[in-house]
Amino acid sequence: MNRSINETQTGRNMSTIDLQAKIPNNVNLGENRQLQRALEHWQPAFLNWWDEMGPSDFKAKEVYLRTAIGVDAQGWASYGYTPMPDYRWGIFMADREENRKIGFGDHMGQDVWQEVPGEYRSTFRRLIVTQGDTEPASVEQQRMLGHTAPSLYDLRNLFQVNVEEGRHLWAMVYLLHKYFGRDGREEGEALLERRSGQQDNPRILQAFNEETPDWLSFFMFTYFTDRDGKFQLKSFAESAFDPLARTTRFMLTEEAHHMFVGETGVGRVIKRTLEVMKELDTDNPDTLRKAGVIDLPTIQRFMNFWFTSSLDLFGSEASSNAANYFSNGIKGRPDEAKFADHVEADTEMTIDVPDGKGGMKKETISTRNGMNEITRLEYVKDCNVGVTRWNMAIKRAGVDFELKLPSTRFRREVGVWSGVPTDLQGNPITQAEFDANKHEWLPSEEDVSFVKSLMHRVTEPGKMAAWIAPPDRGINANPVEYEYVKL
């Protein structure tokens with residue numbers, strides 16, 4: 001492999017990638033010896049964390065992985081076999097936009113910042129730490145899934161997601177080390193000390209302390225929870241702090257694959273269920289379970305759980321913090337350019353809130369205070385794209401069933417609807433009514449046990465577990481039967 005990829009090779013004005021450095025990077029790490037030494041000191045701690053908390057018992061196996069070798073959309077990755085501990089985790093930023101201006105808030109139109117303004121230092125640090133904490137958390141949540149992978153294709157996709165979450169941790173740790181001094185270095189160490197689901201030192205966000213005990217949950221996580229990550233990254237990609245914006249823009253390139261794994265994974269579960277429904281000419285859940293597939297109502301209940309778990313990650317509907325992030329140029333709205341007003345100084349919006357009498361009412365808030373809700377509603381629209389595709393497959397099979405996302409008011413633990421029981425449509429109900437219906441709406445212990453009972457490892461290339469259909473195509477123009485992991 002060449003030592004670097006430069007603009008003459010790509011035909012683009014692209015930063016040079018140093019692939020043979022101890023830490024591959026395109027941020028000229030070798031020119032800052034103090035920073036380089038600090039990160040090289042952190043590297044063994046990261047590898048120790050990966051050894052302890054990364055995918056269980058697969059350290060020496062050759063996995064067909066893609067590795068970032070550039071930052072433009074074309075040809076940014078190479079594919080090949082590598083054991084995961086030897087993966088080339090690196091630090092990559094999207095290329096710098098010349099003359100980039102701040103695109104929203106009170107600093108609109110000013111030059112973007114190459115350093116963190118002192119008055120926003122603690123806010124940026126907290127947000128970068130919170131984003132960074134989600135990356136190792138998801139690896140920890142998924143570390144045992146390799147033992148029950150439904151195919152080598154799926155096993156490889158799990159490992160690809162895992163190593164890229166590890167690279168995203170590197171991306172955030174680089175920002176902490178470079179721009180936040182000793183505080184940042186200490187935060188970088190703490191990112192390796194917290195543990196998903198641990199009582200004494202858990203991960204920061206609750207959704208990243210949930211178990212991912214089975215592959216249906218993994219596909220739901222990568223579809224719904226990783227999509228929250230996409231929207232957080234898109235908000236940061238608008239930031240006035242240019243190194244953060246450039247870092248997250250490249251992370252989005254990798255993140256797209258994680259959601260692809262989720263959407264196609266759930267789609268393949270549905271496809272296999274529809275095949276067995278046709279073979280047996282039944283939609284009876286018990287009959288289908290005995291035949292070894294996951295019935296559509298169970299898929300709906302898992303969807304309800306993972307979708308609503310992810311909604312809380314956006315924060316409260318009305319938030320002064322969100323208003324400050326927007327006004328100060330810290331976080332924009334995803335795809336800020338599509339909005340008409342980029343300042344929102346005096347504009348208002350309406351949200352639904354509980355009325356305190358068992359119903360709900362409209363409340364007017366400033367648009368700036370409603371930034372979390374605006375982003376959440378964009379997320380819901382994006383989630384519905386895949387749900388529509390799943391429903392098209394169900395309709396084509398001639399089955400009268402429609403998957404639906406529940407209301408954003410359902411099962412909330414953050415925001416104005418926190419602790420307020422509602423039905424799936426978001427209508428307030430009593431706690432007794434919720435408790436009476438919750439097993440119709442959310443996975444029961446029996447549902448979870450049944451799905452776990454299907455989880456048996458399949459290791460023959462091209463073969464699939466009986467509860468999931470094969471993918472339409474393999475990876476990087478290879479056939480589905482390719483040996484994606486050499487066990």
# chains A, B, ... in the order shown; residues from 1 in each chain; ligands from 1
>>> select_by_dssp(residues="region 172-390 of chain A", states="helix (DSSP H, G or I)", output="number ranges by chain")
A: 172-179, 181-191, 206-209, 215-236, 242-280, 285-290, 296-314, 320-327, 336-338, 371-390
>>> residues_around(residues="Gln300 (chain A)", least_positions_apart="3", cutoff="9 Å", atoms="only C-alpha atoms", output="ChimeraX atom specification")
/A:295-297,303-305,403-405,441-443
>>> write_last_selection(atoms="C-alpha atoms", output="PDB file, in the first residue's frame")
ATOM      1  CA  ASP A 295     -44.201 -13.200  13.744  1.00  0.00           C
ATOM      2  CA  LEU A 296     -45.004  -9.680  12.546  1.00  0.00           C
ATOM      3  CA  PRO A 297     -46.708  -8.522  15.801  1.00  0.00           C
ATOM      4  CA  MET A 303     -39.841  -1.757  16.901  1.00  0.00           C
ATOM      5  CA  ASN A 304     -41.965   0.108  19.469  1.00  0.00           C
ATOM      6  CA  PHE A 305     -39.330  -0.503  22.152  1.00  0.00           C
ATOM      7  CA  LEU A 403     -45.944  -1.784  10.752  1.00  0.00           C
ATOM      8  CA  LYS A 404     -46.347   1.660  12.350  1.00  0.00           C
ATOM      9  CA  LEU A 405     -44.111   3.879  14.419  1.00  0.00           C
ATOM     10  CA  TRP A 441     -47.317  -2.850  22.760  1.00  0.00           C
ATOM     11  CA  LEU A 442     -43.849  -3.805  24.040  1.00  0.00           C
ATOM     12  CA  PRO A 443     -41.841  -7.053  24.070  1.00  0.00           C
TER      13      PRO A 443
END
>>> residues_around(residues="Asp133 (chain A)", least_positions_apart="5", cutoff="7 Å", atoms="only C-alpha atoms", output="list in words")
Leu191, Arg203 and Ile204 of chain A
>>> write_last_selection(atoms="C-alpha atoms", output="PDB file, in the first residue's frame")
ATOM      1  CA  LEU A 191     -14.213   7.136  28.004  1.00  0.00           C
ATOM      2  CA  ARG A 203     -22.350   4.977  30.108  1.00  0.00           C
ATOM      3  CA  ILE A 204     -23.762   8.514  30.044  1.00  0.00           C
TER       4      ILE A 204
END
>>> closest_residue(among="A:Glu279, A:Val161, A:Arg195, A:Gly181", to="Phe221 (chain A)", atoms="only C-alpha atoms")
A:Val161
>>> residues_around(residues="Ala466 (chain A)", least_positions_apart="2", cutoff="7 Å", atoms="only C-alpha atoms", output="list of chain:residue names")
A:Gly292, A:Met464, A:Ile468
>>> closest_residue(among="A:Glu193, A:Asp435, A:Glu119, A:Asp200", to="Thr422 (chain A)", atoms="only C-alpha atoms")
A:Asp435
>>> residues_around(residues="Ser309 (chain A)", least_positions_apart="6", cutoff="8 Å", atoms="only C-alpha atoms", output="CSV table (one decimal) with N, CA and C atoms, in the first residue's frame")
chain,number,residue,atom,x,y,z
A,207,ALA,N,-29.9,4.8,26.8
A,207,ALA,CA,-30.1,3.8,25.7
A,207,ALA,C,-28.9,3.0,25.5
A,225,THR,N,-31.3,3.4,16.8
A,225,THR,CA,-30.4,4.2,17.7
A,225,THR,C,-29.3,4.8,16.9
A,412,ARG,N,-42.2,7.7,27.0
A,412,ARG,CA,-41.0,8.7,27.1
A,412,ARG,C,-40.5,8.7,28.6
>>> residues_around(residues="region 386-395 of chain A", least_positions_apart="6", cutoff="10 Å", atoms="only C-alpha atoms", output="VMD selection string")
chain A and resid 223 259 to 260 262 to 264 266 to 268 270 to 271 273 to 274 296 303 401 to 405
>>> write_last_selection(atoms="C-alpha atoms", output="mmCIF file, in the first residue's frame")
data_model
loop_
_atom_site.group_PDB
_atom_site.id
_atom_site.type_symbol
_atom_site.label_atom_id
_atom_site.label_comp_id
_atom_site.auth_asym_id
_atom_site.auth_seq_id
_atom_site.Cartn_x
_atom_site.Cartn_y
_atom_site.Cartn_z
ATOM 1 C CA TYR A 223 -31.744 1.148 12.427
ATOM 2 C CA MET A 259 -28.203 1.988 9.270
ATOM 3 C CA PHE A 260 -28.048 -0.110 6.082
ATOM 4 C CA GLY A 262 -30.329 -2.303 10.409
ATOM 5 C CA GLU A 263 -32.780 -1.647 7.596
ATOM 6 C CA THR A 264 -31.813 -4.665 5.505
ATOM 7 C CA VAL A 266 -35.110 -6.128 9.744
ATOM 8 C CA GLY A 267 -36.222 -6.404 6.104
ATOM 9 C CA ARG A 268 -34.684 -9.889 5.822
ATOM 10 C CA ILE A 270 -39.718 -9.827 7.633
ATOM 11 C CA LYS A 271 -39.032 -11.481 4.263
ATOM 12 C CA THR A 273 -41.501 -14.594 8.020
ATOM 13 C CA LEU A 274 -43.578 -13.779 4.924
ATOM 14 C CA LEU A 296 -45.004 -9.680 12.546
ATOM 15 C CA MET A 303 -39.841 -1.757 16.901
ATOM 16 C CA PHE A 401 -50.560 -6.072 8.243
ATOM 17 C CA GLU A 402 -48.911 -2.679 8.560
ATOM 18 C CA LEU A 403 -45.944 -1.784 10.752
ATOM 19 C CA LYS A 404 -46.347 1.660 12.350
ATOM 20 C CA LEU A 405 -44.111 3.879 14.419
#
>>> select_by_dssp(residues="region 302-454 of chain A", states="strand (DSSP E or B)", output="ChimeraX atom specification")
/A:348-354,360-366,422,428
>>> atom_distance(atom1="CA of Asp286 (chain A)", atom2="CA of His439 (chain A)")
15.5 Å
>>> residues_around(residues="Glu164 (chain A)", least_positions_apart="5", cutoff="9 Å", atoms="only C-alpha atoms", output="short mmCIF file (atom, residue, chain, number, x, y, z; two decimals) with C-alpha atoms, in the first residue's frame")
data_model
loop_
_atom_site.label_atom_id
_atom_site.label_comp_id
_atom_site.auth_asym_id
_atom_site.auth_seq_id
_atom_site.Cartn_x
_atom_site.Cartn_y
_atom_site.Cartn_z
CA THR A 67 -10.71 0.47 6.24
CA TRP A 89 -7.99 2.87 13.55
CA GLU A 135 -19.16 4.82 20.48
CA PHE A 159 -17.61 -6.56 13.24
CA LEU A 169 -14.17 7.01 19.48
CA MET A 251 -18.10 10.00 10.45
CA GLU A 254 -19.19 5.45 7.82
CA GLU A 255 -22.42 5.69 9.83
#
>>> closest_residue(among="A:Gln36, A:Asn48, A:Ser78, A:Thr148", to="Tyr174 (chain A)", atoms="only C-alpha atoms")
A:Gln36
>>> closest_residue(among="A:Val139, A:Ala149, A:Met371, A:Val129", to="Ala322 (chain A)", atoms="only C-alpha atoms")
A:Met371
>>> closest_residue(among="A:Gly80, A:Phe58, A:Glu317, A:Ile69", to="Ile17 (chain A)", atoms="only C-alpha atoms")
A:Ile69
>>> closest_residue(among="A:Gln160, A:Arg96, A:Leu311, A:Val27", to="Leu175 (chain A)", atoms="only C-alpha atoms")
A:Val27
